[in-house]
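Colleague: Here you go, input_31.cif (mmCIF, C-alpha atoms):
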```cif
data_upload
#
loop_
_atom_site.group_PDB
_atom_site.id
_atom_site.type_symbol
_atom_site.label_atom_id
_atom_site.label_comp_id
_atom_site.auth_asym_id
_atom_site.auth_seq_id
_atom_site.Cartn_x
_atom_site.Cartn_y
_atom_site.Cartn_z
ATOM 1 C CA MET A 88 157.225 48.212 21.076
ATOM 2 C CA MET A 89 157.837 51.224 23.295
ATOM 3 C CA ARG A 90 157.666 53.571 20.323
ATOM 4 C CA MET A 91 154.250 52.200 19.307
ATOM 5 C CA LEU A 92 152.934 52.566 22.862
ATOM 6 C CA THR A 93 154.203 56.162 23.064
ATOM 7 C CA THR A 94 152.676 57.034 19.698
ATOM 8 C CA SER A 95 149.338 55.554 20.754
ATOM 9 C CA ALA A 96 149.370 57.460 24.057
ATOM 10 C CA VAL A 97 150.231 60.759 22.359
ATOM 11 C CA THR A 98 147.518 60.228 19.733
ATOM 12 C CA LEU A 99 144.939 59.403 22.391
ATOM 13 C CA ALA A 100 145.891 62.418 24.535
ATOM 14 C CA SER A 101 145.844 64.848 21.604
ATOM 15 C CA GLY A 102 142.473 63.525 20.435
ATOM 16 C CA PHE A 103 141.080 63.964 23.932
ATOM 17 C CA LEU A 104 142.378 67.548 24.156
ATOM 18 C CA VAL A 105 140.915 68.444 20.760
ATOM 19 C CA GLY A 106 137.550 67.027 21.860
ATOM 20 C CA VAL A 107 137.597 68.998 25.113
ATOM 21 C CA ALA A 108 138.502 72.220 23.289
ATOM 22 C CA HIS A 109 135.716 71.715 20.729
ATOM 23 C CA SER A 110 133.136 70.911 23.396
ATOM 24 C CA SER A 111 134.128 73.916 25.518
ATOM 25 C CA PHE A 112 133.974 76.286 22.552
ATOM 26 C CA ARG A 113 130.560 74.973 21.521
ATOM 27 C CA HIS A 114 129.216 75.283 25.092
ATOM 28 C CA TYR A 115 130.347 78.878 25.594
ATOM 29 C CA TYR A 116 129.380 79.926 22.069
ATOM 30 C CA ARG A 117 125.816 78.677 22.566
ATOM 31 C CA ARG A 118 125.658 80.227 26.030
ATOM 32 C CA TYR A 119 126.732 83.726 25.026
ATOM 33 C CA SER A 120 125.656 83.914 21.379
ATOM 34 C CA ASP A 121 122.006 84.632 22.267
ATOM 35 C CA ALA A 122 122.880 87.788 24.178
ATOM 36 C CA GLU A 123 125.186 89.138 21.509
ATOM 37 C CA GLY A 124 123.216 88.077 18.423
ATOM 38 C CA LEU A 125 125.925 85.771 17.102
ATOM 39 C CA LYS A 126 123.832 82.724 16.228
ATOM 40 C CA GLN A 127 124.317 81.845 12.599
ATOM 41 C CA ARG A 128 123.607 78.576 10.843
ATOM 42 C CA GLY A 129 124.976 78.604 7.340
ATOM 43 C CA PRO A 130 124.584 81.714 5.176
ATOM 44 C CA ILE A 131 121.253 82.736 6.777
ATOM 45 C CA GLN A 132 121.180 84.455 10.144
ATOM 46 C CA GLU A 133 118.418 83.969 12.689
ATOM 47 C CA VAL A 134 115.820 86.732 12.382
ATOM 48 C CA CYS A 135 113.679 87.916 15.300
ATOM 49 C CA ILE A 136 110.794 90.335 14.680
ATOM 50 C CA VAL A 137 110.677 92.847 17.508
ATOM 51 C CA GLU A 138 107.852 95.075 16.292
ATOM 52 C CA ASP A 139 105.371 94.635 13.471
ATOM 53 C CA GLN A 140 105.249 97.838 11.406
ATOM 54 C CA THR A 141 103.106 96.604 8.528
ATOM 55 C CA LYS A 142 100.230 98.803 7.392
ATOM 56 C CA GLY A 143 96.769 97.617 8.332
ATOM 57 C CA GLY A 144 95.245 98.124 4.894
ATOM 58 C CA LYS A 145 91.505 97.723 4.297
ATOM 59 C CA LYS A 146 90.218 94.990 2.021
ATOM 60 C CA LYS A 147 87.909 96.116 -0.777
#
```
So that I can check it, write out the structure of this file as structure tokens.
Modeller:
Amino acid sequence: MMRMLTTSAVTLASGFLVGVAHSSFRHYYRRYSDAEGLKQRGPIQEVCIVEDQTKGGKKK
């Protein structure tokens, strides 16, 4: 009985610590990724156009 209670407590505590670590990482990553250009979702990175350098061609 004591062994089952200990196993349950250890499992609960480790699950809680993993959740806290994941939440903290996600919070700080989102907070600082904008400034450093680290946002990436999948294989495509976020693209921001700073200046439009297209030619203003005339239509015929």
Colleague: For the atom pair atom CA of A:Thr93 and atom CA of A:Val105, what is the interatomic distance in Å to one decimal place?
Modeller: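 Taking atom CA of A:Thr93 and atom CA of A:Val105, their separation equals 18.2 Å.
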Colleague: Work out how far apart atom CA of A:Cys135 and atom CA of A:His109 are and give it in Å to one decimal.
Modeller: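 Calculated distance between atom CA of A:Cys135 and atom CA of A:His109 is 27.9 Å.
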Colleague: For atom CA of A:Ser110 and atom CA of A:Thr98, determine how far apart the two atoms are, in Å to one decimal place.
Modeller: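 It comes out at 18.3 Å.
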Colleague: Let me have the centre and edge lengths of the axis-aligned box enclosing all listed atoms of stretch 94-104 of chain A with 8 Å padding on every side, in Å to one decimal, as JSON.
Modeller:
```
{"center_x": 146.9, "center_y": 61.6, "center_z": 22.1, "size_x": 27.6, "size_y": 28.0, "size_z": 20.8}
```
Colleague: Please, could N, CA and C atoms be added to stretch 93-116 of chain A and the result written as a CSV table (one decimal), keeping the file's coordinate frame?
Modeller:
```
chain,number,residue,atom,x,y,z
A,93,THR,N,154.1,54.7,22.9
A,93,THR,CA,154.2,56.2,23.1
A,93,THR,C,153.4,56.9,22.0
A,94,THR,N,153.5,56.4,20.8
A,94,THR,CA,152.7,57.0,19.7
A,94,THR,C,151.2,56.9,20.0
A,95,SER,N,150.7,55.8,20.4
A,95,SER,CA,149.3,55.6,20.8
A,95,SER,C,148.9,56.5,21.9
A,96,ALA,N,149.7,56.6,22.9
A,96,ALA,CA,149.4,57.5,24.1
A,96,ALA,C,149.3,58.9,23.6
A,97,VAL,N,150.2,59.4,22.8
A,97,VAL,CA,150.2,60.8,22.4
A,97,VAL,C,149.0,61.0,21.5
A,98,THR,N,148.7,60.1,20.6
A,98,THR,CA,147.5,60.2,19.7
A,98,THR,C,146.2,60.3,20.6
A,99,LEU,N,146.1,59.4,21.5
A,99,LEU,CA,144.9,59.4,22.4
A,99,LEU,C,144.8,60.7,23.2
A,100,ALA,N,145.9,61.2,23.7
A,100,ALA,CA,145.9,62.4,24.5
A,100,ALA,C,145.6,63.6,23.7
A,101,SER,N,146.1,63.7,22.5
A,101,SER,CA,145.8,64.8,21.6
A,101,SER,C,144.4,64.8,21.1
A,102,GLY,N,143.9,63.6,20.8
A,102,GLY,CA,142.5,63.5,20.4
A,102,GLY,C,141.5,63.9,21.6
A,103,PHE,N,141.9,63.6,22.8
A,103,PHE,CA,141.1,64.0,23.9
A,103,PHE,C,141.1,65.5,24.1
A,104,LEU,N,142.3,66.1,24.0
A,104,LEU,CA,142.4,67.5,24.2
A,104,LEU,C,141.6,68.3,23.1
A,105,VAL,N,141.7,67.8,21.8
A,105,VAL,CA,140.9,68.4,20.8
A,105,VAL,C,139.4,68.3,21.0
A,106,GLY,N,139.0,67.2,21.5
A,106,GLY,CA,137.6,67.0,21.9
A,106,GLY,C,137.1,67.9,23.0
A,107,VAL,N,137.9,68.1,24.0
A,107,VAL,CA,137.6,69.0,25.1
A,107,VAL,C,137.5,70.4,24.6
A,108,ALA,N,138.5,70.8,23.8
A,108,ALA,CA,138.5,72.2,23.3
A,108,ALA,C,137.3,72.5,22.4
A,109,HIS,N,136.9,71.6,21.6
A,109,HIS,CA,135.7,71.7,20.7
A,109,HIS,C,134.4,71.8,21.6
A,110,SER,N,134.3,70.9,22.5
A,110,SER,CA,133.1,70.9,23.4
A,110,SER,C,133.0,72.2,24.2
A,111,SER,N,134.1,72.7,24.7
A,111,SER,CA,134.1,73.9,25.5
A,111,SER,C,133.7,75.1,24.7
A,112,PHE,N,134.3,75.2,23.5
A,112,PHE,CA,134.0,76.3,22.6
A,112,PHE,C,132.5,76.3,22.2
A,113,ARG,N,132.0,75.1,21.9
A,113,ARG,CA,130.6,75.0,21.5
A,113,ARG,C,129.7,75.4,22.7
A,114,HIS,N,130.0,75.0,23.9
A,114,HIS,CA,129.2,75.3,25.1
A,114,HIS,C,129.2,76.8,25.3
A,115,TYR,N,130.3,77.4,25.3
A,115,TYR,CA,130.3,78.9,25.6
A,115,TYR,C,129.8,79.7,24.4
A,116,TYR,N,130.0,79.2,23.2
A,116,TYR,CA,129.4,79.9,22.1
A,116,TYR,C,127.9,79.9,22.2
```
